[in-house]
Each structure stands twice: as structure tokens, then as C-alpha cells.
Amino acid sequence: MTVYESDQPVRALACIQQYQFCNPSLRGDESCTPLKGIFEAARTASSTIFSHSKDKEGFLWSLAAIKDMAGGFTELSITLKGGSLLAGDYLSALGQDGLPTNQWELELEHWFKFTLADLQRAILVQATGPAIPEAASFHSLPTSPEARAICSNQKVRSDSYTSFNVLGLILMFSIGGLIMLVSAYLPTITARMQRHKNPFASIEWVTSDTMQLQRLAHEAVGAGQWVGACNDYPRTRKGDLLAVIDISDEKHPIFRSPEEVRVLKEVKHTEGQREERRGSGEQRNDSAQESLLSVELPRVSLELSHRFATGLY
């Protein structure tokens with residue numbers, strides 16, 4: 001079993017935080033300060049790029065929020081301690097899992113993103129006030145017009161509102177509505193032009209439609225009085241009955257009109273009544289014969305009939 005040990009028990013990592021302030025109203029290389037510490041960069045910015053009194057008031061107001069989070073890496077490591085390291089995600093009761101060789105770079109990148117998010121939070125809290133009511137007593141409101149202008153001009157991405165392009169929305173609805181109108185009226189206009197130019201082809205095209213084919217099938221057996229034979233949607237009069245399917249031959253079902261179906265039902269009903277009458281008459285004759293055979297004649301009558309028959313022969 002191979003066991004690996006560290007060459008050094010611990011390694012130290014030193015970080016330097018540098019800040020740079022810029023004035024977007026200036027041009028060229030003079031619009032930004034060099035990278036320096038937070039206090040040196042602030043003094044340079046207030047004396048060079050924000051030299052006017054109005055600009056300086058607004059800059060100093062924003063600088064107060066930036067200084068509050070200037071601790072950056074120090075506050076992060078002191079407050080979160082081991083929880084600030086990404087390597088803690090790979091730590092378990094069995095020990096530390098393997099880490100990539102550039103883990104220290106990943107840790108510093110994570111800390112840097114954390115400080116940028118904290119900077120955004122500090123600017124937002126300065127303009128809107130702290131989200132925690134207990135911290136409201138430590139928040140100071142802007143006193144100068146420049147500071148109030150900065151607070152009222154903050155633009156922050158929020159889920160409470162949705163931004164959209166009005167021009168794009170108008171174009172989308174306009175073009176979409178135009179396409180819908182064209183698609184709705186173009187077939188009618190084309191059909192009328194085709195009807196005047198080539199009537200037979202136009203009528204054949206309409207008649208070959210599914211609805212018209214159904215009309216032809218029902219009308220062929222005399223079912224319904226149809227209107228709109230050259231339109232897209234043929235229809236019958238109110239109360240008309242359509243043809244029904246006759247499946248007496250399951251391999252060849254056909255359409256039959258309601259009148260024809262009614263006649264067939266009456267014929268079957270009449271034949272059924274005749275068969276019932278015929279069956280009841282035969283049943284009465286059989287019962288009469290059975291009743292005669294079941295009667296027991298007296299012995300004297302049998303003897304007389306026998307003598308009478310003998311005397312005749």
C-alpha cells in the first residue's frame with residue numbers, strides 16, 4: 001500500500017487588494033486612477049478625476065459604501081473560516097478527497113467573485129437601506145443633493161419587474177397580424193379569381209374537399225337538402241337527417257337514407273307479425289288434436305263402432 005505525505009505541513013498565501021476608480025465623463029487615460037490600495041486610490045480619485053465639488057460629493061457618498069466592504073478577503077476568511085474554501089465540499093468523515101493541482105487558483109477566484117457580489121450589495125444597501133430592520137439604526141440617509149441623486153438613479157436587476165422592447169413588441173404584433181389577415185383572406189380572394197378564370201378547375205378543387213365529398217355521399221342516397229355546394233362548408237336544413245351506415249354486409253357497408261331505413265324496418269315488422277300469426281295458428285291446431293287424442297272413449301262405444309264396421313264389410 002502506497003502512502004503519500006505532504007512535503008510541507010502548511011503553505012502561506014498572501015493577497016493584495018487594489019482598487020481603481022473611473023469617471024465616465026472624462027476621456028482618455030485620465031478617466032481612471034492607477035491600481036492602488038483603497039485609501040490611496042480614494043485620495044487620488046477625489047483630487048484628480050472627481051475634483052469638482054458636485055462630482056466629489058457624489059463620489060464620497062459612494063466611497064462610504066465601498067470602504068465598508070474593503071476588508072474583502074480578510075472579512076471573508078474571518079467570518080466564514082473554513083466554509084469560505086471550495087475544498088470543504090470534498091471533505092467527508094473519511095478524509096479529504098483528491099483536489100486539482102490549481103485548487104489555490106480556484107479558491108482565489110471564488111473569493112474574488114464573492115467580494116464583487118459584496119460590493120454590489122453594499123451599493124444597493126446604501127441606496128435602499130438595509131434589508132434587516134435591526135440594522136436600520138446604523139444606516140445614514142443622504143444629506144446632499146448629489147448623494148440623493150445617486151440613490152435615486154440606481155438601476156438594479158430585480159425579479160419584481162420585467163423589461164421589454166416596445167418597438168420589438170409593436171413590430172411583432174403588426175407583422176403577425178398582417179400575416180394572419182393575409183392567411184385568412186388570401187384563399188377566398190384566390191378562389192374568386194380562379195373561379196372567373198377557370199370555373200371547372202375551381203369547382204373541382206372545392207368539390208374534392210373532404211366536407212364536399214361527404215355531402216356528395218349523403219346526397220347520392222337522398223339524405224338531406226344541402227346548400228353551399230360550392231363553399232368550404234356545405235350544410236343541410238335544420239332538422240334534416242343524414243344517411244346511416246348499413247352493415248348487413250359487414251364486408252361491404254353502404255349508406256342508406258333515413259326514409260329507406262324506415263321502410264325496411266316496417267317491412268321487417270310486418271313479416272315478423274305474419275310469422276307470429278302463422279305460428280300461433282299452427283300451435284292452436286296442434287293443441288286441438290292433442291286434446292282429442294287425450295279424451296278416453298267408453299268401452300261400449302268402441303264395441304258398437306267395431307260391430308258397425310264389421311257389418312258394413
# chains A, B, ... in the order shown; residues from 1 in each chain; ligands from 1
>>> residues_around(residues="Ala217 of chain A", least_positions_apart="6", cutoff="12 Å", atoms="only C-alpha atoms", output="ChimeraX atom specification")
/A:207-208,210-211,223-224,226,242-245,254-257
>>> write_last_selection(atoms="N, CA and C atoms", output="PDB file, in the first residue's frame")
ATOM      1  N   THR A 207     -65.024  20.757 -54.792  1.00  0.00           N
ATOM      2  CA  THR A 207     -65.800  19.530 -54.642  1.00  0.00           C
ATOM      3  C   THR A 207     -64.948  18.381 -54.114  1.00  0.00           C
ATOM      4  N   SER A 208     -63.661  18.416 -54.360  1.00  0.00           N
ATOM      5  CA  SER A 208     -62.776  17.345 -53.884  1.00  0.00           C
ATOM      6  C   SER A 208     -62.410  17.493 -52.415  1.00  0.00           C
ATOM      7  N   THR A 210     -62.883  17.374 -48.341  1.00  0.00           N
ATOM      8  CA  THR A 210     -63.454  16.307 -47.506  1.00  0.00           C
ATOM      9  C   THR A 210     -64.916  16.562 -47.181  1.00  0.00           C
ATOM     10  N   MET A 211     -65.252  17.799 -46.829  1.00  0.00           N
ATOM     11  CA  MET A 211     -66.636  18.112 -46.480  1.00  0.00           C
ATOM     12  C   MET A 211     -67.560  17.950 -47.676  1.00  0.00           C
ATOM     13  N   ALA A 223     -80.248  11.820 -48.835  1.00  0.00           N
ATOM     14  CA  ALA A 223     -80.308  12.226 -47.429  1.00  0.00           C
ATOM     15  C   ALA A 223     -80.051  13.713 -47.317  1.00  0.00           C
ATOM     16  N   GLY A 224     -81.041  14.492 -46.890  1.00  0.00           N
ATOM     17  CA  GLY A 224     -80.882  15.906 -46.630  1.00  0.00           C
ATOM     18  C   GLY A 224     -81.001  16.772 -47.868  1.00  0.00           C
ATOM     19  N   TRP A 226     -79.264  20.026 -49.265  1.00  0.00           N
ATOM     20  CA  TRP A 226     -77.996  20.691 -48.997  1.00  0.00           C
ATOM     21  C   TRP A 226     -77.934  22.060 -49.657  1.00  0.00           C
ATOM     22  N   LEU A 242     -79.233  12.787 -41.702  1.00  0.00           N
ATOM     23  CA  LEU A 242     -78.214  12.293 -42.612  1.00  0.00           C
ATOM     24  C   LEU A 242     -78.370  10.792 -42.809  1.00  0.00           C
ATOM     25  N   ALA A 243     -77.652  10.280 -43.786  1.00  0.00           N
ATOM     26  CA  ALA A 243     -77.706   8.852 -44.072  1.00  0.00           C
ATOM     27  C   ALA A 243     -77.032   8.063 -42.958  1.00  0.00           C
ATOM     28  N   VAL A 244     -77.443   6.801 -42.847  1.00  0.00           N
ATOM     29  CA  VAL A 244     -76.868   5.912 -41.842  1.00  0.00           C
ATOM     30  C   VAL A 244     -76.149   4.774 -42.553  1.00  0.00           C
ATOM     31  N   ILE A 245     -75.269   4.115 -41.840  1.00  0.00           N
ATOM     32  CA  ILE A 245     -74.477   3.036 -42.426  1.00  0.00           C
ATOM     33  C   ILE A 245     -75.214   1.719 -42.255  1.00  0.00           C
ATOM     34  N   ILE A 254     -72.708   0.136 -46.642  1.00  0.00           N
ATOM     35  CA  ILE A 254     -73.174   1.163 -47.569  1.00  0.00           C
ATOM     36  C   ILE A 254     -73.999   2.187 -46.807  1.00  0.00           C
ATOM     37  N   PHE A 255     -74.238   3.331 -47.477  1.00  0.00           N
ATOM     38  CA  PHE A 255     -75.100   4.377 -46.940  1.00  0.00           C
ATOM     39  C   PHE A 255     -76.550   4.089 -47.337  1.00  0.00           C
ATOM     40  N   ARG A 256     -77.465   4.359 -46.422  1.00  0.00           N
ATOM     41  CA  ARG A 256     -78.893   4.293 -46.726  1.00  0.00           C
ATOM     42  C   ARG A 256     -79.560   5.544 -46.169  1.00  0.00           C
ATOM     43  N   SER A 257     -80.529   6.041 -46.912  1.00  0.00           N
ATOM     44  CA  SER A 257     -81.235   7.238 -46.473  1.00  0.00           C
ATOM     45  C   SER A 257     -82.163   6.900 -45.315  1.00  0.00           C
TER      46      SER A 257
END
>>> select_by_dssp(residues="segment 86-248 of chain A", states="strand (DSSP E or B)", output="ChimeraX atom specification")
/A:91-92,95-96,226-227,235-236,244-246
>>> select_by_dssp(residues="segment 37-216 of chain A", states="helix (DSSP H, G or I)", output="PyMOL selection string")
chain A and resi 38-47+53-68+73-84+86-90+103-128+133-138+145-152+166-197+199-207+210-216
>>> atom_distance(atom1="atom CA of Glu259 of chain A", atom2="atom CA of Pro234 of chain A")
21.5 Å
>>> residues_around(residues="segment 118-132 of chain A", least_positions_apart="6", cutoff="7 Å", atoms="only C-alpha atoms", output="mmCIF file with C-alpha atoms, in the first residue's frame")
data_model
loop_
_atom_site.group_PDB
_atom_site.id
_atom_site.type_symbol
_atom_site.label_atom_id
_atom_site.label_comp_id
_atom_site.auth_asym_id
_atom_site.auth_seq_id
_atom_site.Cartn_x
_atom_site.Cartn_y
_atom_site.Cartn_z
ATOM 1 C CA ALA A 65 -20.243 52.026 0.877
ATOM 2 C CA ILE A 66 -17.109 50.764 -0.865
ATOM 3 C CA MET A 69 -16.602 46.133 2.299
ATOM 4 C CA HIS A 139 -27.759 53.407 8.117
ATOM 5 C CA CYS A 151 -29.554 56.994 -4.696
#
>>> residues_around(residues="Val206 of chain A", least_positions_apart="6", cutoff="9 Å", atoms="only C-alpha atoms", output="MDAnalysis selection string")
chainID A and resid 212 229:232
>>> write_last_selection(atoms="N, CA and C atoms", output="mmCIF file, in the first residue's frame")
data_model
loop_
_atom_site.group_PDB
_atom_site.id
_atom_site.type_symbol
_atom_site.label_atom_id
_atom_site.label_comp_id
_atom_site.auth_asym_id
_atom_site.auth_seq_id
_atom_site.Cartn_x
_atom_site.Cartn_y
_atom_site.Cartn_z
ATOM 1 N N GLN A 212 -67.075 18.366 -48.853
ATOM 2 C CA GLN A 212 -67.913 18.238 -50.045
ATOM 3 C C GLN A 212 -68.064 16.774 -50.461
ATOM 4 N N ALA A 229 -73.077 24.105 -51.877
ATOM 5 C CA ALA A 229 -72.363 23.032 -52.559
ATOM 6 C C ALA A 229 -71.044 23.496 -53.159
ATOM 7 N N CYS A 230 -70.852 24.793 -53.318
ATOM 8 C CA CYS A 230 -69.600 25.316 -53.864
ATOM 9 C C CYS A 230 -68.790 26.076 -52.819
ATOM 10 N N ASN A 231 -69.171 25.941 -51.570
ATOM 11 C CA ASN A 231 -68.454 26.616 -50.494
ATOM 12 C C ASN A 231 -67.571 25.622 -49.741
ATOM 13 N N ASP A 232 -66.861 26.130 -48.774
ATOM 14 C CA ASP A 232 -65.973 25.264 -47.992
ATOM 15 C C ASP A 232 -66.744 24.385 -47.019
#
>>> residues_around(residues="segment 99-107 of chain A", least_positions_apart="3", cutoff="12 Å", atoms="only C-alpha atoms", output="PyMOL selection string")
chain A and resi 11-15+73+76-77+82-91+96+110-114
>>> write_last_selection(atoms="N, CA and C atoms", output="compact mmCIF listing (two decimals), in the first residue's frame")
# COMPACT_ATOMS: atom_id res chain seq x y z
N ARG A 11 1.40 25.94 3.83
CA ARG A 11 1.93 26.98 2.94
C ARG A 11 1.12 28.25 3.14
N ALA A 12 1.79 29.36 3.06
CA ALA A 12 1.15 30.66 3.25
C ALA A 12 0.87 31.31 1.91
N LEU A 13 -0.25 32.00 1.84
CA LEU A 13 -0.65 32.69 0.62
C LEU A 13 -0.98 34.13 0.98
N ALA A 14 -0.28 35.07 0.38
CA ALA A 14 -0.50 36.49 0.64
C ALA A 14 -1.23 37.12 -0.54
N CYS A 15 -2.22 37.94 -0.25
CA CYS A 15 -3.03 38.58 -1.29
C CYS A 15 -3.00 40.09 -1.09
N PHE A 73 -11.15 40.00 1.47
CA PHE A 73 -10.65 38.67 1.79
C PHE A 73 -10.51 38.47 3.30
N LEU A 76 -13.87 37.85 4.81
CA LEU A 76 -14.36 36.57 4.30
C LEU A 76 -13.75 35.40 5.05
N SER A 77 -12.45 35.45 5.25
CA SER A 77 -11.77 34.35 5.93
C SER A 77 -12.07 34.33 7.43
N GLY A 82 -13.30 28.13 7.53
CA GLY A 82 -13.15 27.03 6.57
C GLY A 82 -14.29 26.93 5.58
N GLY A 83 -15.43 27.51 5.91
CA GLY A 83 -16.56 27.46 4.99
C GLY A 83 -16.37 28.31 3.75
N SER A 84 -15.37 29.19 3.76
CA SER A 84 -15.11 30.02 2.58
C SER A 84 -14.31 29.29 1.52
N LEU A 85 -13.82 28.09 1.81
CA LEU A 85 -12.99 27.34 0.87
C LEU A 85 -13.85 26.35 0.09
N LEU A 86 -13.59 26.26 -1.20
CA LEU A 86 -14.28 25.28 -2.03
C LEU A 86 -13.85 23.86 -1.71
N ALA A 87 -12.66 23.72 -1.17
CA ALA A 87 -12.16 22.38 -0.84
C ALA A 87 -13.01 21.70 0.22
N GLY A 88 -13.74 22.50 1.01
CA GLY A 88 -14.60 21.91 2.03
C GLY A 88 -15.72 21.07 1.45
N ASP A 89 -16.06 21.29 0.17
CA ASP A 89 -17.11 20.48 -0.45
C ASP A 89 -16.66 19.04 -0.67
N TYR A 90 -15.35 18.81 -0.68
CA TYR A 90 -14.82 17.46 -0.91
C TYR A 90 -14.36 16.81 0.39
N LEU A 91 -14.73 17.39 1.51
CA LEU A 91 -14.31 16.87 2.81
C LEU A 91 -15.43 16.02 3.39
N GLN A 96 -10.16 13.91 3.28
CA GLN A 96 -10.23 14.85 2.17
C GLN A 96 -10.04 14.12 0.85
N HIS A 110 -12.87 32.20 -6.46
CA HIS A 110 -14.13 32.17 -5.70
C HIS A 110 -14.20 33.35 -4.73
N TRP A 111 -13.12 33.65 -4.05
CA TRP A 111 -13.09 34.79 -3.13
C TRP A 111 -13.29 36.11 -3.87
N PHE A 112 -12.68 36.23 -5.05
CA PHE A 112 -12.81 37.47 -5.82
C PHE A 112 -14.26 37.68 -6.26
N LYS A 113 -14.92 36.64 -6.72
CA LYS A 113 -16.33 36.76 -7.10
C LYS A 113 -17.19 37.10 -5.89
N PHE A 114 -16.81 36.57 -4.75
CA PHE A 114 -17.56 36.85 -3.53
C PHE A 114 -17.46 38.34 -3.17
>>> atom_distance(atom1="atom CA of Leu60 of chain A", atom2="atom CA of Ser46 of chain A")
7.9 Å
>>> atom_distance(atom1="atom CA of Leu80 of chain A", atom2="atom CA of Val10 of chain A")
19.8 Å
>>> residues_around(residues="segment 20-27 of chain A", least_positions_apart="3", cutoff="8 Å", atoms="only C-alpha atoms", output="PyMOL selection string")
chain A and resi 30-36+41-42+45+49-50
>>> write_last_selection(atoms="N, CA and C atoms", output="PDB file, in the first residue's frame")
ATOM      1  N   GLU A  30      -6.848  59.701 -18.598  1.00  0.00           N
ATOM      2  CA  GLU A  30      -7.062  60.481 -17.383  1.00  0.00           C
ATOM      3  C   GLU A  30      -8.393  60.173 -16.700  1.00  0.00           C
ATOM      4  N   SER A  31      -9.195  59.267 -17.265  1.00  0.00           N
ATOM      5  CA  SER A  31     -10.512  58.984 -16.693  1.00  0.00           C
ATOM      6  C   SER A  31     -10.447  57.999 -15.530  1.00  0.00           C
ATOM      7  N   CYS A  32      -9.318  57.303 -15.323  1.00  0.00           N
ATOM      8  CA  CYS A  32      -9.214  56.296 -14.265  1.00  0.00           C
ATOM      9  C   CYS A  32      -7.937  56.527 -13.456  1.00  0.00           C
ATOM     10  N   THR A  33      -7.984  56.108 -12.212  1.00  0.00           N
ATOM     11  CA  THR A  33      -6.808  56.180 -11.341  1.00  0.00           C
ATOM     12  C   THR A  33      -5.989  54.904 -11.485  1.00  0.00           C
ATOM     13  N   PRO A  34      -4.710  54.928 -11.100  1.00  0.00           N
ATOM     14  CA  PRO A  34      -3.924  53.690 -11.112  1.00  0.00           C
ATOM     15  C   PRO A  34      -4.425  52.719 -10.046  1.00  0.00           C
ATOM     16  N   LEU A  35      -4.043  51.462 -10.186  1.00  0.00           N
ATOM     17  CA  LEU A  35      -4.403  50.449  -9.195  1.00  0.00           C
ATOM     18  C   LEU A  35      -3.610  50.697  -7.920  1.00  0.00           C
ATOM     19  N   LYS A  36      -4.347  50.956  -6.828  1.00  0.00           N
ATOM     20  CA  LYS A  36      -3.716  51.235  -5.538  1.00  0.00           C
ATOM     21  C   LYS A  36      -4.586  50.654  -4.434  1.00  0.00           C
ATOM     22  N   ALA A  41      -6.170  55.027  -3.409  1.00  0.00           N
ATOM     23  CA  ALA A  41      -6.960  55.204  -4.629  1.00  0.00           C
ATOM     24  C   ALA A  41      -8.076  56.218  -4.412  1.00  0.00           C
ATOM     25  N   ALA A  42      -8.664  56.244  -3.225  1.00  0.00           N
ATOM     26  CA  ALA A  42      -9.727  57.208  -2.933  1.00  0.00           C
ATOM     27  C   ALA A  42      -9.188  58.626  -2.894  1.00  0.00           C
ATOM     28  N   ALA A  45      -8.431  59.727  -6.476  1.00  0.00           N
ATOM     29  CA  ALA A  45      -9.642  59.977  -7.263  1.00  0.00           C
ATOM     30  C   ALA A  45     -10.308  61.284  -6.865  1.00  0.00           C
ATOM     31  N   ILE A  49      -9.749  62.988 -10.700  1.00  0.00           N
ATOM     32  CA  ILE A  49     -10.864  62.754 -11.630  1.00  0.00           C
ATOM     33  C   ILE A  49     -12.199  63.233 -11.067  1.00  0.00           C
ATOM     34  N   PHE A  50     -12.287  63.441  -9.756  1.00  0.00           N
ATOM     35  CA  PHE A  50     -13.513  63.983  -9.156  1.00  0.00           C
ATOM     36  C   PHE A  50     -13.163  65.277  -8.412  1.00  0.00           C
TER      37      PHE A  50
END
>>> closest_residue(among="A:Ala191, A:Ala135, A:Ile150, A:Ile16", to="Glu57 of chain A", atoms="only C-alpha atoms")
A:Ile150
>>> closest_residue(among="A:Glu260, A:Gln8, A:Ser140, A:Ser202", to="Pro187 of chain A", atoms="only C-alpha atoms")
A:Ser202
>>> decode(residues="segment 91-122 of chain A", atoms="N, CA and C atoms", output="CSV table (one decimal), in the first residue's frame")
chain,number,residue,atom,x,y,z
A,91,LEU,N,-14.7,17.4,1.5
A,91,LEU,CA,-14.3,16.9,2.8
A,91,LEU,C,-15.4,16.0,3.4
A,92,SER,N,-15.1,14.8,3.9
A,92,SER,CA,-16.0,13.9,4.5
A,92,SER,C,-15.5,13.3,5.7
A,93,ALA,N,-16.2,12.5,6.4
A,93,ALA,CA,-15.8,11.8,7.6
A,93,ALA,C,-14.6,10.9,7.4
A,94,LEU,N,-14.4,10.5,6.2
A,94,LEU,CA,-13.3,9.6,5.8
A,94,LEU,C,-12.0,10.4,5.5
A,95,GLY,N,-12.2,11.7,5.3
A,95,GLY,CA,-11.0,12.4,5.0
A,95,GLY,C,-11.2,13.4,3.8
A,96,GLN,N,-10.2,13.9,3.3
A,96,GLN,CA,-10.2,14.9,2.2
A,96,GLN,C,-10.0,14.1,0.9
A,97,ASP,N,-11.0,14.3,-0.1
A,97,ASP,CA,-10.8,13.7,-1.4
A,97,ASP,C,-9.8,14.5,-2.2
A,98,GLY,N,-9.4,13.9,-3.3
A,98,GLY,CA,-8.4,14.5,-4.1
A,98,GLY,C,-8.8,15.8,-4.7
A,99,LEU,N,-7.8,16.8,-4.8
A,99,LEU,CA,-8.1,18.1,-5.3
A,99,LEU,C,-7.2,18.3,-6.5
A,100,PRO,N,-7.7,19.2,-7.4
A,100,PRO,CA,-6.8,19.5,-8.6
A,100,PRO,C,-5.6,20.3,-8.2
A,101,THR,N,-4.6,20.3,-9.1
A,101,THR,CA,-3.3,21.0,-8.8
A,101,THR,C,-3.5,22.5,-8.7
A,102,ASN,N,-4.5,23.1,-9.3
A,102,ASN,CA,-4.7,24.5,-9.3
A,102,ASN,C,-5.8,24.9,-8.3
A,103,GLN,N,-6.0,24.1,-7.3
A,103,GLN,CA,-7.0,24.4,-6.3
A,103,GLN,C,-6.9,25.8,-5.7
A,104,TRP,N,-5.6,26.3,-5.5
A,104,TRP,CA,-5.5,27.6,-4.9
A,104,TRP,C,-6.0,28.7,-5.8
A,105,GLU,N,-5.8,28.5,-7.1
A,105,GLU,CA,-6.4,29.5,-8.1
A,105,GLU,C,-7.9,29.5,-8.0
A,106,LEU,N,-8.5,28.3,-7.9
A,106,LEU,CA,-9.9,28.2,-7.9
A,106,LEU,C,-10.5,28.9,-6.6
A,107,GLU,N,-9.7,28.7,-5.5
A,107,GLU,CA,-10.1,29.4,-4.2
A,107,GLU,C,-10.1,30.9,-4.3
A,108,LEU,N,-9.0,31.4,-4.9
A,108,LEU,CA,-8.9,32.9,-5.0
A,108,LEU,C,-9.9,33.4,-6.0
A,109,GLU,N,-10.2,32.7,-7.1
A,109,GLU,CA,-11.3,33.2,-8.0
A,109,GLU,C,-12.6,33.2,-7.3
A,110,HIS,N,-12.9,32.2,-6.5
A,110,HIS,CA,-14.1,32.2,-5.7
A,110,HIS,C,-14.2,33.3,-4.7
A,111,TRP,N,-13.1,33.7,-4.1
A,111,TRP,CA,-13.1,34.8,-3.1
A,111,TRP,C,-13.3,36.1,-3.9
A,112,PHE,N,-12.7,36.2,-5.1
A,112,PHE,CA,-12.8,37.5,-5.8
A,112,PHE,C,-14.3,37.7,-6.3
A,113,LYS,N,-14.9,36.6,-6.7
A,113,LYS,CA,-16.3,36.8,-7.1
A,113,LYS,C,-17.2,37.1,-5.9
A,114,PHE,N,-16.8,36.6,-4.8
A,114,PHE,CA,-17.6,36.9,-3.5
A,114,PHE,C,-17.5,38.3,-3.2
A,115,THR,N,-16.3,38.9,-3.3
A,115,THR,CA,-16.1,40.3,-3.0
A,115,THR,C,-16.8,41.2,-4.0
A,116,LEU,N,-16.9,40.8,-5.2
A,116,LEU,CA,-17.6,41.6,-6.2
A,116,LEU,C,-19.1,41.6,-5.9
A,117,ALA,N,-19.6,40.5,-5.5
A,117,ALA,CA,-21.0,40.4,-5.1
A,117,ALA,C,-21.3,41.2,-3.9
A,118,ASP,N,-20.3,41.2,-2.9
A,118,ASP,CA,-20.5,42.0,-1.7
A,118,ASP,C,-20.4,43.5,-2.1
A,119,LEU,N,-19.6,43.9,-3.1
A,119,LEU,CA,-19.6,45.3,-3.5
A,119,LEU,C,-20.9,45.8,-4.1
A,120,GLN,N,-21.5,44.9,-4.9
A,120,GLN,CA,-22.8,45.2,-5.4
A,120,GLN,C,-23.9,45.3,-4.3
A,121,ARG,N,-23.8,44.5,-3.4
A,121,ARG,CA,-24.7,44.5,-2.2
A,121,ARG,C,-24.6,45.8,-1.4
A,122,ALA,N,-23.3,46.2,-1.2
A,122,ALA,CA,-23.1,47.4,-0.4
A,122,ALA,C,-23.7,48.7,-1.1
